[in-house]
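Below is one structure; the comments refer to it alone.
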Amino acid sequence: MSLRVAVVGGGPAGSCAAEVLAKAGIETYLFERKLDNAKPCGGAIPLCMVDEFQLPEEIIDRKVRRMKMISPSNHEVNIAVERDHEYIGMTRREILDGFLRKRAEELGAKVINAVVIDIEVPKNPDDTSQPYAINYSLKGKGTDTPDRLGSLEVDLVIGAGGFYCKVAEAIDAGDYNYAIAFQERIRIPDDKMAYYEDLAEMYVGNDVSSDFYAWVFPKSDHVSVGTGTMKVNKADIKKLQQGIRERAAEKIRGGEVIKVEAHPIPEHPRPRRVVGRAALVGDSAGYVTKSSGEGIYFAAKSGRMCAETIVELSKNGERIPTEKDLKVYLKRWDRQYGLTYKVLDILQRVFYASDATREAFVEMCDDPDVQKLTFDSYLYKTVVPANPIKQLKITAKTIGSLLRGNALAP
Ligand SMILES: Cc1cc2nc3c(=O)[nH]c(=O)nc-3n(C[C@H](O)[C@H](O)[C@H](O)COP(=O)(O)OP(=O)(O)OC[C@H]3O[C@@H](n4cnc5c(N)ncnc54)[C@H](O)[C@@H]3O)c2cc1C
């Protein structure tokens with residue numbers, strides 16, 4: 001037999017899953033509703049992703065080597081990468097996603113440009129002879145070839161549709177809390193763009209976000225200026241966006257808004273990420289980290305990890321994996337990244353809680369040991385433990401900064 005897998009959603013999570021499956025010779029269908037989709041996103045990726053996913057240089061708009069953290073009282077801390085070859089990659093999602101999808105297609109995945117409308121789940125998913133049916137509306141090419149309906153039977157389904165994922169809906173994966181992020185792409189004059197050549201900015205403060213941070217990220221010919229806040233404060237999002245525009249006013253003066261984007265960001269994993277023979281990956285599963293709001297790498301990584309588990313446990317497509325098999329992917333994921341999510345959650349709760357703790361956070365980032373720890377864990381996704389003396393110093397610094405924060409806050 002040959003295993004048939006449908007991957008619903010052609011973002012980083014879906015394409016990276018499809019690539020692994022197709023490479024192993026498994027019959028793989030990758031559904032994407034919009035082939036030139038520009039997912040609303042800051043587009044920042046860690047250095048390790050470039051290597052691990054063999055991304056070519058041309059799909060990276062800018063290499064950011066410096067980061068400016070700006071506190072509520074406008075105290076600035078400059079951080080730079082340590083080694084010459086290090087950088088944070090700034091991408092445009094339409095380019096990155098297009099590249100990953102094309103690569104999966106070249107390796108044998110069948111890309112279907114269609115909107116998945118619903119998924120019929122078999123009555124008894126344990127009975128592997130009962131297929132899942134993917135019902136979709138195939139994109140037409142204008143009036144001569146209008147949209148038409150189709151249906152495809154498969155043995156396994158990977159839900160990679162992001163926040164609004166049809167697979168999550170079909171398997172009743174449960175809800176998650178979310179933040180809402182808003183972003184404007186602004187084309188600024190050349191001299192202003194030169195300032196952002198290899199620099200990204202991160203602003204904190206009640207005026208720009210009640211519980212997160214705001215950013216100015218450089219792209220090829222514009223900057224992305226945005227902010228995020230939790231669902232409970234979502235009515236404030238436009239006011240917060242105005243806040244970041246005002247804080248960065250001098251640096252973006254004369255700019256022209258070329259695109260306005262908004263999208264929800266999941267705050268934690270869904271209650272059920274594998275049900276029957278369906279598994280969720282990326283935003284659909286809820287894999288964005290707190291504190292940094294990072295999700296691209298984790299989407300790509302989870303897609304890959306889920307697919308690798310399927311290839312392994314299906315013996316390269318010779319047998320149909322069961323729910324128990326698919327849950328091996330969850331165990332592996334939680335073992336590898338569970339702690340990272342917990343630590344970043346605690347950091348967000350402690351440091352983004354008030355203007356006083358935000359002042360403390362920025363002040364702490366002035367410390368070279370804190371900088372190294374932060375950059376290394378972001379760029380390489382490995383938490384390199386500091387030696388005990390350094391750990392003590394960082395702890396003392398944290399306490400001192402938290403105490404001083406009250407005095408510094410506006
Ligand atoms: C404003 C903003 C800024 C962000 N900035 C960053 C950042 O700088 N760095 C970072 O790492 N992360 C960032 N994130 C998070 C990041 O965007 C997500 O974590 C990431 O896109 C998740 O990838 P994914 O493949 O899981 O889902 P998505 O990227 O959402 O991809 C899902 C895909 O599925 C398709 N799809 C959905 N439903 C259907 C359907 N029914 N039929 C067919 N196709 C369908 C969609 O068209 C889409 O292409 C940001 C998020 C926001 C909102």
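Every chain in the structure tokens has a letter given in the order shown (A, B, ...), and although residue numbers restart at 1 in each chain, ligands are simply numbered from 1 in the order shown.
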key: Residues within 7 Å of ligand 1, counting only C-alpha atoms and all ligand atoms, as a PyMOL selection string   = chain A and resi 8-14+31-34+37+39-45+114-117+160-166+180-183+226+261-265+281-284+288+293-297+299-300
ask   = Taking the backbone alone, and naming residues the way the document does, which bits of stretch 50-234 of chain A are strand (DSSP E or B) by DSSP, as a VMD selection string?
value = chain A and resid 62 to 64 66 to 70 76 to 80 88 to 90 110 to 120 132 to 138 148 to 154 156 to 159 178 to 187 199 to 203 214 to 218 223 to 230
task = For A:Gly205, work out the shell of residues within 10 Å, counting only C-alpha atoms and skipping chain neighbours fewer than 4 positions away, then give it as a VMD selection string.
result = chain A and resid 70 to 74 209 to 214 240 243 to 244 352 to 359 409 to 410
inquiry  = Need to verify the contact set: stretch 108-111 of chain A, 10 Å, only C-alpha atoms, exclusion of same-chain residues closer than 3 positions in sequence. Can you return it as a list in words?
reply    = Val5, Ala6, Val7, Gly10, Ser15, Ala18, Glu19, Val20, Leu21, Ala22, Lys23, Ala24, Gly25, Ile26, Glu27, Thr28, Tyr29, Leu30, Phe31, Glu32, Leu35, Arg101, Lys102, Arg103, Ala104, Glu105 and Ala114 of chain A
With the cut-off set at 12 Å and counting only C-alpha atoms, tabulate each residue of stretch 135-168 of chain A with an atom at most that distance from an atom of stretch 308-312 of chain A, showing the nearest atom pair and its distance in Å to one decimal, ordered by chain and increasing number, as JSON lines.
{"residue": "A:Asp155", "atom": "CA", "partner": "A:Ile310", "partner_atom": "CA", "distance": 11.6}
{"residue": "A:Leu156", "atom": "CA", "partner": "A:Ile310", "partner_atom": "CA", "distance": 9.3}
{"residue": "A:Val157", "atom": "CA", "partner": "A:Ile310", "partner_atom": "CA", "distance": 10.8}
{"residue": "A:Ile158", "atom": "CA", "partner": "A:Ile310", "partner_atom": "CA", "distance": 10.3}
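When atom CA of A:Ala168 is paired with atom CA of A:Ala285, their separation reads 8.0 Å.
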query = Which of these, A:Lys68, A:Arg277, A:Arg93, A:Arg187, has the shortest distance to A:Ala200 once you count only C-alpha atoms?
reply =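 Counting only C-alpha atoms, the residue closest to A:Ala200 is A:Lys68.
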request  = Go through A:Ala80, A:Pro46, A:Arg253, A:Glu267 one by one, measure the shortest atom-to-atom distance of each to A:Asp367 using only C-alpha atoms, and give the residue with the smallest value.
outcome  =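 Of the candidates, the smallest distance to A:Asp367 is held by A:Ala80.
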task = Check the smallest atom-to-atom distance from each of A:Glu184, A:Glu153, A:Glu250, A:Asp84 to A:Pro122 using only C-alpha atoms, then report the winner.
result =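 Among the listed residues, the smallest separation from A:Pro122 belongs to A:Glu153.
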request  = Rank nothing, just name the residue among A:Glu363, A:Glu256, A:Glu94, A:Glu86 nearest to A:Val64, using only C-alpha atoms.
outcome  = A:Glu86
task = Counting only C-alpha atoms, figure out which residue out of A:Gln371, A:Gln241, A:Ser151, A:Thr143 gets nearest to A:Trp215.
result =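 Closest to A:Trp215 of all the choices is A:Gln241.
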request  = Would you mind reading off the distance between atom CA of A:Leu199 and atom CA of A:Ile237, one decimal, in Å?
outcome  =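 Between these atoms lies a distance of 24.8 Å.
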request  = Enumerate as a ChimeraX atom specification all residues of stretch 189-295 of chain A assigned to helix (DSSP H, G or I) by DSSP on the backbone, naming them with the chain letters and numbers the document uses.
outcome  = /A:190-195,231-247,249-252,282-285
Create the file for the chosen residues now, containing N, CA and C atoms and written as a PDB file, in the first residue's frame.
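The resulting again_18.pdb:
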ATOM      1  N   ASP A 190      15.148  57.295   1.923  1.00  0.00           N
ATOM      2  CA  ASP A 190      16.397  56.523   1.901  1.00  0.00           C
ATOM      3  C   ASP A 190      17.296  56.773   3.113  1.00  0.00           C
ATOM      4  N   ASP A 191      17.404  58.065   3.520  1.00  0.00           N
ATOM      5  CA  ASP A 191      18.305  58.348   4.647  1.00  0.00           C
ATOM      6  C   ASP A 191      17.768  57.691   5.927  1.00  0.00           C
ATOM      7  N   LYS A 192      16.469  57.646   6.053  1.00  0.00           N
ATOM      8  CA  LYS A 192      15.875  57.005   7.242  1.00  0.00           C
ATOM      9  C   LYS A 192      16.053  55.480   7.152  1.00  0.00           C
ATOM     10  N   MET A 193      15.936  54.967   5.935  1.00  0.00           N
ATOM     11  CA  MET A 193      16.108  53.522   5.735  1.00  0.00           C
ATOM     12  C   MET A 193      17.551  53.116   6.069  1.00  0.00           C
ATOM     13  N   ALA A 194      18.493  54.035   5.774  1.00  0.00           N
ATOM     14  CA  ALA A 194      19.918  53.745   6.041  1.00  0.00           C
ATOM     15  C   ALA A 194      20.131  53.509   7.544  1.00  0.00           C
ATOM     16  N   TYR A 195      19.359  54.235   8.370  1.00  0.00           N
ATOM     17  CA  TYR A 195      19.469  54.053   9.830  1.00  0.00           C
ATOM     18  C   TYR A 195      19.127  52.614  10.217  1.00  0.00           C
ATOM     19  N   LYS A 231      -5.828  39.205  23.795  1.00  0.00           N
ATOM     20  CA  LYS A 231      -7.238  39.288  23.378  1.00  0.00           C
ATOM     21  C   LYS A 231      -8.058  40.250  24.254  1.00  0.00           C
ATOM     22  N   VAL A 232      -7.840  40.210  25.582  1.00  0.00           N
ATOM     23  CA  VAL A 232      -8.664  41.061  26.462  1.00  0.00           C
ATOM     24  C   VAL A 232      -8.491  42.544  26.162  1.00  0.00           C
ATOM     25  N   ASN A 233      -7.322  42.924  25.604  1.00  0.00           N
ATOM     26  CA  ASN A 233      -7.076  44.344  25.316  1.00  0.00           C
ATOM     27  C   ASN A 233      -7.202  44.662  23.831  1.00  0.00           C
ATOM     28  N   LYS A 234      -7.812  43.750  23.065  1.00  0.00           N
ATOM     29  CA  LYS A 234      -7.722  43.930  21.604  1.00  0.00           C
ATOM     30  C   LYS A 234      -8.423  45.189  21.088  1.00  0.00           C
ATOM     31  N   ALA A 235      -9.369  45.702  21.873  1.00  0.00           N
ATOM     32  CA  ALA A 235     -10.041  46.942  21.436  1.00  0.00           C
ATOM     33  C   ALA A 235      -9.048  48.109  21.394  1.00  0.00           C
ATOM     34  N   ASP A 236      -7.903  47.961  22.098  1.00  0.00           N
ATOM     35  CA  ASP A 236      -6.918  49.059  22.174  1.00  0.00           C
ATOM     36  C   ASP A 236      -5.893  49.016  21.048  1.00  0.00           C
ATOM     37  N   ILE A 237      -5.969  48.021  20.165  1.00  0.00           N
ATOM     38  CA  ILE A 237      -4.845  47.785  19.254  1.00  0.00           C
ATOM     39  C   ILE A 237      -4.494  49.006  18.387  1.00  0.00           C
ATOM     40  N   LYS A 238      -5.521  49.746  17.927  1.00  0.00           N
ATOM     41  CA  LYS A 238      -5.216  50.908  17.069  1.00  0.00           C
ATOM     42  C   LYS A 238      -4.527  52.009  17.881  1.00  0.00           C
ATOM     43  N   LYS A 239      -4.973  52.160  19.125  1.00  0.00           N
ATOM     44  CA  LYS A 239      -4.351  53.164  20.010  1.00  0.00           C
ATOM     45  C   LYS A 239      -2.875  52.794  20.267  1.00  0.00           C
ATOM     46  N   LEU A 240      -2.630  51.503  20.456  1.00  0.00           N
ATOM     47  CA  LEU A 240      -1.256  51.045  20.716  1.00  0.00           C
ATOM     48  C   LEU A 240      -0.387  51.235  19.471  1.00  0.00           C
ATOM     49  N   GLN A 241      -0.983  51.004  18.293  1.00  0.00           N
ATOM     50  CA  GLN A 241      -0.243  51.215  17.050  1.00  0.00           C
ATOM     51  C   GLN A 241       0.112  52.697  16.902  1.00  0.00           C
ATOM     52  N   GLN A 242      -0.824  53.563  17.296  1.00  0.00           N
ATOM     53  CA  GLN A 242      -0.548  54.989  17.281  1.00  0.00           C
ATOM     54  C   GLN A 242       0.619  55.287  18.230  1.00  0.00           C
ATOM     55  N   GLY A 243       0.654  54.562  19.355  1.00  0.00           N
ATOM     56  CA  GLY A 243       1.724  54.723  20.343  1.00  0.00           C
ATOM     57  C   GLY A 243       3.095  54.430  19.741  1.00  0.00           C
ATOM     58  N   ILE A 244       3.224  53.330  19.010  1.00  0.00           N
ATOM     59  CA  ILE A 244       4.533  52.992  18.430  1.00  0.00           C
ATOM     60  C   ILE A 244       4.894  53.958  17.298  1.00  0.00           C
ATOM     61  N   ARG A 245       3.874  54.398  16.565  1.00  0.00           N
ATOM     62  CA  ARG A 245       4.149  55.401  15.519  1.00  0.00           C
ATOM     63  C   ARG A 245       4.709  56.681  16.144  1.00  0.00           C
ATOM     64  N   GLU A 246       4.147  57.058  17.292  1.00  0.00           N
ATOM     65  CA  GLU A 246       4.621  58.285  17.947  1.00  0.00           C
ATOM     66  C   GLU A 246       6.015  58.111  18.513  1.00  0.00           C
ATOM     67  N   ARG A 247       6.271  56.947  19.103  1.00  0.00           N
ATOM     68  CA  ARG A 247       7.605  56.730  19.683  1.00  0.00           C
ATOM     69  C   ARG A 247       8.689  56.699  18.605  1.00  0.00           C
ATOM     70  N   ALA A 249       8.436  58.231  15.752  1.00  0.00           N
ATOM     71  CA  ALA A 249       8.028  59.274  14.795  1.00  0.00           C
ATOM     72  C   ALA A 249       9.191  59.863  13.997  1.00  0.00           C
ATOM     73  N   GLU A 250      10.261  60.275  14.710  1.00  0.00           N
ATOM     74  CA  GLU A 250      11.379  60.939  14.031  1.00  0.00           C
ATOM     75  C   GLU A 250      12.013  60.022  12.987  1.00  0.00           C
ATOM     76  N   LYS A 251      12.084  58.723  13.329  1.00  0.00           N
ATOM     77  CA  LYS A 251      12.817  57.776  12.477  1.00  0.00           C
ATOM     78  C   LYS A 251      12.017  57.345  11.260  1.00  0.00           C
ATOM     79  N   ILE A 252      10.707  57.518  11.328  1.00  0.00           N
ATOM     80  CA  ILE A 252       9.900  57.070  10.175  1.00  0.00           C
ATOM     81  C   ILE A 252       9.194  58.249   9.491  1.00  0.00           C
ATOM     82  N   GLY A 282       2.521  23.861  13.923  1.00  0.00           N
ATOM     83  CA  GLY A 282       2.613  25.323  13.788  1.00  0.00           C
ATOM     84  C   GLY A 282       1.561  26.062  14.603  1.00  0.00           C
ATOM     85  N   ASP A 283       1.102  27.202  14.074  1.00  0.00           N
ATOM     86  CA  ASP A 283       0.106  28.017  14.789  1.00  0.00           C
ATOM     87  C   ASP A 283      -1.176  27.255  15.047  1.00  0.00           C
ATOM     88  N   SER A 284      -1.490  26.335  14.178  1.00  0.00           N
ATOM     89  CA  SER A 284      -2.699  25.556  14.359  1.00  0.00           C
ATOM     90  C   SER A 284      -2.626  24.786  15.688  1.00  0.00           C
ATOM     91  N   ALA A 285      -1.433  24.292  16.022  1.00  0.00           N
ATOM     92  CA  ALA A 285      -1.241  23.589  17.295  1.00  0.00           C
ATOM     93  C   ALA A 285      -1.081  24.578  18.440  1.00  0.00           C
TER      94      ALA A 285
END
